[in-house]
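Q: My file is structure.txt. It has compact mmCIF, C-alpha atoms:
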```txt
# COMPACT_ATOMS: atom_id res chain seq x y z
CA ALA A 773 -46.70 5.52 50.42
CA GLN A 774 -46.43 2.68 47.98
CA SER A 775 -46.64 -0.87 49.19
CA VAL A 776 -46.51 -4.27 47.55
CA SER A 777 -48.37 -7.25 48.93
CA GLN A 778 -47.59 -10.83 48.04
CA HIS A 779 -50.34 -13.03 49.34
CA ASN A 780 -48.51 -16.28 49.90
CA HIS A 781 -45.27 -16.54 51.80
CA HIS A 782 -44.80 -20.24 51.07
CA VAL A 783 -46.18 -22.37 48.25
CA ILE A 784 -45.60 -26.08 47.76
CA LEU A 785 -46.51 -27.68 44.44
CA SER A 786 -45.89 -30.94 42.66
CA GLU A 787 -44.18 -30.94 39.28
CA ALA A 788 -46.53 -30.19 36.38
CA ALA A 789 -48.95 -28.29 38.61
CA SER A 790 -49.99 -24.80 37.55
CA LEU A 791 -48.67 -21.81 39.43
CA GLU A 792 -50.17 -18.45 40.22
CA LEU A 793 -48.49 -16.08 42.67
CA GLY A 794 -50.45 -13.04 43.69
CA CYS A 795 -49.12 -9.50 43.81
CA ASN A 796 -51.02 -6.31 44.61
CA TYR A 797 -49.68 -2.80 44.91
CA SER A 798 -51.09 0.32 46.48
CA TYR A 799 -49.99 3.18 44.19
CA GLY A 800 -52.77 4.80 42.16
CA GLY A 801 -50.74 6.37 39.36
CA THR A 802 -48.73 4.98 36.48
CA VAL A 803 -46.46 2.16 37.60
CA ASN A 804 -43.68 -0.07 36.36
CA LEU A 805 -43.96 -3.65 37.58
CA PHE A 806 -41.37 -6.38 37.95
CA TRP A 807 -41.00 -9.96 39.03
CA TYR A 808 -37.57 -11.04 40.23
CA VAL A 809 -36.50 -14.54 41.20
CA GLN A 810 -33.78 -15.81 43.49
CA TYR A 811 -32.79 -19.43 42.91
CA PRO A 812 -31.01 -21.18 45.80
CA GLY A 813 -27.48 -19.88 46.07
CA GLN A 814 -27.88 -17.43 43.20
CA HIS A 815 -28.37 -13.71 42.67
CA LEU A 816 -31.73 -12.03 42.35
CA GLN A 817 -32.52 -11.82 38.64
CA LEU A 818 -35.31 -10.43 36.54
CA LEU A 819 -38.07 -12.78 35.36
CA LEU A 820 -40.17 -10.19 33.54
CA LYS A 821 -41.35 -6.60 33.68
CA TYR A 822 -44.17 -4.40 32.52
CA PHE A 823 -44.12 -0.68 31.85
CA SER A 824 -46.45 -0.16 28.89
CA GLY A 825 -48.25 -1.93 26.07
CA ASP A 826 -49.75 -5.41 26.22
CA PRO A 827 -50.70 -6.08 29.86
CA LEU A 828 -49.86 -9.76 29.42
CA VAL A 829 -46.10 -9.99 29.71
CA LYS A 830 -44.04 -13.04 28.91
CA GLY A 831 -40.75 -13.65 30.65
CA ILE A 832 -38.02 -16.22 30.82
CA LYS A 833 -38.52 -19.92 31.56
CA GLY A 834 -42.18 -19.97 30.56
CA PHE A 835 -43.37 -17.44 33.12
CA GLU A 836 -45.95 -14.76 32.36
CA ALA A 837 -47.72 -12.06 34.32
CA GLU A 838 -50.83 -10.04 33.72
CA PHE A 839 -51.23 -6.42 34.74
CA ILE A 840 -54.84 -5.68 35.73
CA LYS A 841 -54.98 -1.98 36.46
CA SER A 842 -58.48 -2.03 37.95
CA LYS A 843 -57.36 -4.59 40.49
CA PHE A 844 -53.89 -3.10 41.13
CA SER A 845 -52.56 -6.58 40.49
CA PHE A 846 -49.64 -8.18 38.65
CA ASN A 847 -49.95 -11.91 39.24
CA LEU A 848 -47.27 -14.31 38.07
CA ARG A 849 -48.27 -17.53 36.31
CA LYS A 850 -46.75 -20.64 34.87
CA PRO A 851 -48.90 -23.44 33.43
CA SER A 852 -46.64 -26.31 34.48
CA VAL A 853 -43.90 -25.95 37.08
CA GLN A 854 -40.68 -27.91 37.23
CA TRP A 855 -38.49 -28.88 40.16
CA SER A 856 -35.98 -26.29 38.92
CA ASP A 857 -38.52 -23.51 39.59
CA THR A 858 -37.93 -23.93 43.31
CA ALA A 859 -36.92 -20.41 44.33
CA GLU A 860 -38.05 -17.23 46.03
CA TYR A 861 -40.11 -14.85 43.90
CA PHE A 862 -40.34 -11.10 44.48
CA CYS A 863 -42.85 -8.69 43.01
CA ALA A 864 -41.65 -5.08 42.76
CA VAL A 865 -43.08 -1.72 41.69
CA ASN A 866 -41.91 1.81 41.07
CA GLU A 867 -43.66 4.97 39.97
CA GLY A 868 -43.98 5.29 36.22
CA THR A 869 -43.43 9.04 36.28
CA GLY A 870 -39.77 8.73 37.11
CA GLY A 871 -39.48 7.54 40.65
CA PHE A 872 -36.38 5.42 41.13
CA LYS A 873 -37.47 3.95 44.39
CA THR A 874 -38.47 0.38 43.69
CA ILE A 875 -40.56 -1.25 46.40
CA PHE A 876 -40.26 -5.01 46.77
CA GLY A 877 -42.84 -7.39 48.18
CA ALA A 878 -41.93 -9.73 51.02
CA GLY A 879 -41.34 -12.61 48.62
CA THR A 880 -42.95 -15.99 48.06
CA ARG A 881 -40.92 -19.13 48.60
CA LEU A 882 -41.93 -21.79 46.07
CA PHE A 883 -40.97 -25.39 46.61
CA VAL A 884 -41.67 -27.83 43.79
CA LYS A 885 -41.72 -31.50 44.69
CA ALA A 886 -40.19 -33.81 42.11
CA ASP B 1134 -19.10 -9.36 32.11
CA ALA B 1135 -18.46 -10.29 35.74
CA GLY B 1136 -21.72 -8.84 36.97
CA VAL B 1137 -22.07 -6.84 40.16
CA ILE B 1138 -19.31 -7.72 42.59
CA GLN B 1139 -19.69 -7.44 46.34
CA SER B 1140 -17.19 -8.00 49.10
CA PRO B 1141 -16.92 -9.50 51.54
CA ARG B 1142 -19.47 -12.28 51.00
CA HIS B 1143 -19.70 -12.94 54.71
CA GLU B 1144 -18.82 -10.70 57.62
CA VAL B 1145 -19.00 -11.53 61.30
CA THR B 1146 -18.21 -8.75 63.70
CA GLU B 1147 -18.84 -7.69 67.26
CA MET B 1148 -21.21 -5.01 68.36
CA GLY B 1149 -19.61 -1.58 68.25
CA GLN B 1150 -17.18 -2.36 65.45
CA GLU B 1151 -17.12 -0.54 62.14
CA VAL B 1152 -18.24 -2.52 59.10
CA THR B 1153 -17.56 -1.58 55.49
CA LEU B 1154 -19.30 -3.32 52.62
CA ARG B 1155 -18.05 -2.85 49.08
CA CYS B 1156 -19.66 -2.95 45.66
CA LYS B 1157 -18.41 -2.77 42.11
CA PRO B 1158 -21.29 -2.18 39.67
CA ILE B 1159 -21.42 -3.47 36.12
CA SER B 1160 -19.21 -1.38 33.90
CA GLY B 1161 -21.18 1.31 32.08
CA HIS B 1162 -24.11 1.27 34.48
CA ASN B 1163 -24.85 4.65 35.96
CA SER B 1164 -27.30 3.82 38.75
CA LEU B 1165 -26.43 1.94 41.91
CA PHE B 1166 -28.67 0.73 44.71
CA TRP B 1167 -28.03 -0.64 48.20
CA TYR B 1168 -30.68 -2.93 49.70
CA ARG B 1169 -30.99 -4.75 53.02
CA GLN B 1170 -32.86 -8.04 53.33
CA THR B 1171 -34.16 -9.40 56.63
CA MET B 1172 -36.78 -11.97 57.50
CA MET B 1173 -38.88 -9.39 59.29
CA ARG B 1174 -38.75 -6.53 56.79
CA GLY B 1175 -37.99 -8.22 53.48
CA LEU B 1176 -35.96 -6.35 50.86
CA GLU B 1177 -35.64 -2.65 51.66
CA LEU B 1178 -33.98 0.04 49.58
CA LEU B 1179 -31.42 1.92 51.64
CA ILE B 1180 -29.99 4.39 49.13
CA TYR B 1181 -29.55 4.86 45.42
CA PHE B 1182 -27.03 6.79 43.37
CA ASN B 1183 -27.29 8.13 39.85
CA ASN B 1184 -24.06 9.18 38.14
CA ASN B 1185 -22.27 8.80 41.50
CA VAL B 1186 -24.62 11.26 43.22
CA PRO B 1187 -26.87 10.09 46.06
CA ILE B 1188 -30.45 10.71 44.91
CA ASP B 1189 -32.49 9.25 47.74
CA ASP B 1190 -31.14 8.10 51.09
CA SER B 1191 -34.47 8.09 52.89
CA GLY B 1192 -34.17 4.36 53.47
CA MET B 1193 -30.97 4.64 55.47
CA PRO B 1194 -32.06 3.57 58.93
CA GLU B 1195 -30.06 6.02 61.01
CA ASP B 1196 -26.89 8.05 61.22
CA ARG B 1197 -24.81 4.98 61.90
CA PHE B 1198 -25.22 4.12 58.22
CA SER B 1199 -23.41 5.99 55.48
CA ALA B 1200 -22.78 5.29 51.81
CA LYS B 1201 -20.39 6.74 49.28
CA MET B 1202 -19.74 6.40 45.60
CA PRO B 1203 -16.41 8.10 44.89
CA ASN B 1204 -16.40 6.98 41.25
CA ALA B 1205 -18.48 5.07 38.74
CA SER B 1206 -16.91 1.72 39.57
CA PHE B 1207 -17.00 1.62 43.36
CA SER B 1208 -19.36 2.17 46.25
CA THR B 1209 -19.19 1.52 49.98
CA LEU B 1210 -21.79 1.12 52.68
CA LYS B 1211 -20.46 1.73 56.16
CA ILE B 1212 -22.01 0.97 59.51
CA GLN B 1213 -20.39 2.60 62.52
CA PRO B 1214 -20.93 1.47 65.22
CA SER B 1215 -22.59 -1.80 64.28
CA GLU B 1216 -25.39 -3.34 66.36
CA PRO B 1217 -26.88 -6.86 66.41
CA ARG B 1218 -30.06 -5.59 64.73
CA ASP B 1219 -27.98 -4.69 61.68
CA SER B 1220 -27.54 -8.40 60.97
CA ALA B 1221 -28.95 -8.97 57.48
CA VAL B 1222 -27.98 -9.65 53.90
CA TYR B 1223 -26.94 -6.47 52.11
CA PHE B 1224 -27.35 -6.39 48.34
CA CYS B 1225 -25.92 -4.00 45.84
CA ALA B 1226 -27.58 -3.61 42.43
CA SER B 1227 -26.84 -1.54 39.36
CA SER B 1228 -28.87 -0.52 36.34
CA PRO B 1229 -27.80 0.73 32.92
CA SER B 1230 -29.28 4.11 32.22
CA GLY B 1231 -31.04 5.48 35.25
CA ARG B 1232 -34.51 4.99 33.79
CA ASN B 1233 -36.92 3.45 36.24
CA THR B 1234 -37.98 0.88 33.64
CA ASP B 1235 -34.46 -0.55 33.75
CA THR B 1236 -33.75 -4.00 35.04
CA GLN B 1237 -31.69 -3.97 38.20
CA TYR B 1238 -28.75 -6.37 38.26
CA PHE B 1239 -28.03 -7.68 41.73
CA GLY B 1240 -24.81 -8.79 43.32
CA PRO B 1241 -24.49 -11.94 45.42
CA GLY B 1242 -24.97 -10.05 48.67
CA THR B 1243 -22.96 -9.71 51.87
CA ARG B 1244 -24.27 -11.66 54.83
CA LEU B 1245 -23.52 -9.57 57.91
CA THR B 1246 -23.70 -10.99 61.41
CA VAL B 1247 -23.19 -8.65 64.34
CA LEU B 1248 -22.66 -10.46 67.63
```
Write out the structure in this file as structure tokens.
A:
Amino acid sequence: AQSVSQHNHHVILSEAASLELGCNYSYGGTVNLFWYVQYPGQHLQLLLKYFSGDPLVKGIKGFEAEFIKSKFSFNLRKPSVQWSDTAEYFCAVNEGTGGFKTIFGAGTRLFVKA
Amino acid sequence: DAGVIQSPRHEVTEMGQEVTLRCKPISGHNSLFWYRQTMMRGLELLIYFNNNVPIDDSGMPEDRFSAKMPNASFSTLKIQPSEPRDSAVYFCASSPSGRNTDTQYFGPGTRLTVL
């Protein structure tokens, strides 16, 4: 069965620090990969997704993620975080061959100190 | 567009009572998902529908849980009887075309507390 592992449950950074949140998945076939974010008091929303093409994907608010197939990883990065990036971040994966079942990681809570 | 609408936003009930959660997907979307979020288990898919038909309900925890989608604009998740371990946030999400590359659009969630 597929699984998604997010390495850090809680991350605390100061503003302007660089961010990298780890995500690994277990499925060996073709996958679609997503990062969703939940800001305090708001809905889960998509940050970015990858399903084909350039493995470096750019999303909203300056976020990017790189798909490394050999490492089964899809890490999220941002060069300089802001206080407004305080949120919970979820990595998610589904099978590229048509599986609808999207598996979410446990989430990483990011707190950015002003 | 109003986005995905869920009701109620908060529900407090006693063990043994029936609970019904409601969802209105984004107009024109033809896939709908129900998720449950808990501290222990994270975000779990319970069931998804495509064109109002349940495609995969393998995530439904047990027979106490049931979900329906009588039409394209409405779905319910029912728990009968409810138990304290059902306490969680329940999210509904919809997606446009049923392709698994689609973005899922989430509702605000229903926070359920079973005493």
Q: Could you work out which residues of chain B fall inside 6 Å of chain A? Count all atoms listed in the file, and format the result as a ChimeraX atom specification.
A: /B:1175,1233,1239,1241
Q: Can you tell me how far CA of Gly1149 (chain B) sits from CA of Leu1165 (chain B), in Å to one decimal?
A: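 Answer for the CA of Gly1149 (chain B) to CA of Leu1165 (chain B) separation: 27.4 Å.
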Q: Between CA of Arg1142 (chain B) and CA of Val776 (chain A), what is the distance in Å, rounded to a tenth?
A: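 Straight-line distance from CA of Arg1142 (chain B) to CA of Val776 (chain A) works out to 28.4 Å.
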Q: Around the point (-56.1, -0.3, 36.6) in the file's coordinates, collect all residues with an atom within 12 Å, using only C-alpha atoms, and return them as a ChimeraX atom specification.
A: /A:796-803,827,838-846
Q: What does the structure give for the distance between CA of Val809 (chain A) and CA of Tyr861 (chain A), in Å to one decimal?
A: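 About the pair CA of Val809 (chain A) and CA of Tyr861 (chain A): they are 4.5 Å apart.
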Q: Edge lengths and centre, in Å to one decimal, as JSON: that's what I need for the box along x, y and z that holds all listed atoms of region 835-847 of chain A plus 8 Å on each side.
A:
```
{"center_x": -50.9, "center_y": -9.7, "center_z": 36.7, "size_x": 31.1, "size_y": 31.5, "size_z": 24.8}
```
Q: Which neighbours of Asn847 (chain A) fall inside 6 Å, counting only C-alpha atoms, when residues of the same chain fewer than 6 positions from it are skipped, and could you give them as a list in words?
A: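 Here the answer would be Leu793, Gly794, Cys795, Ala837 and Glu838 of chain A.
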Q: My list of candidates is B:Leu1176, B:Val1137, B:Val1247, B:Ile1159. Which is closest to Ala1205 (chain B) when distances are computed with all atoms listed in the file?
A: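 Counting all atoms listed in the file, the residue closest to Ala1205 (chain B) is B:Ile1159.
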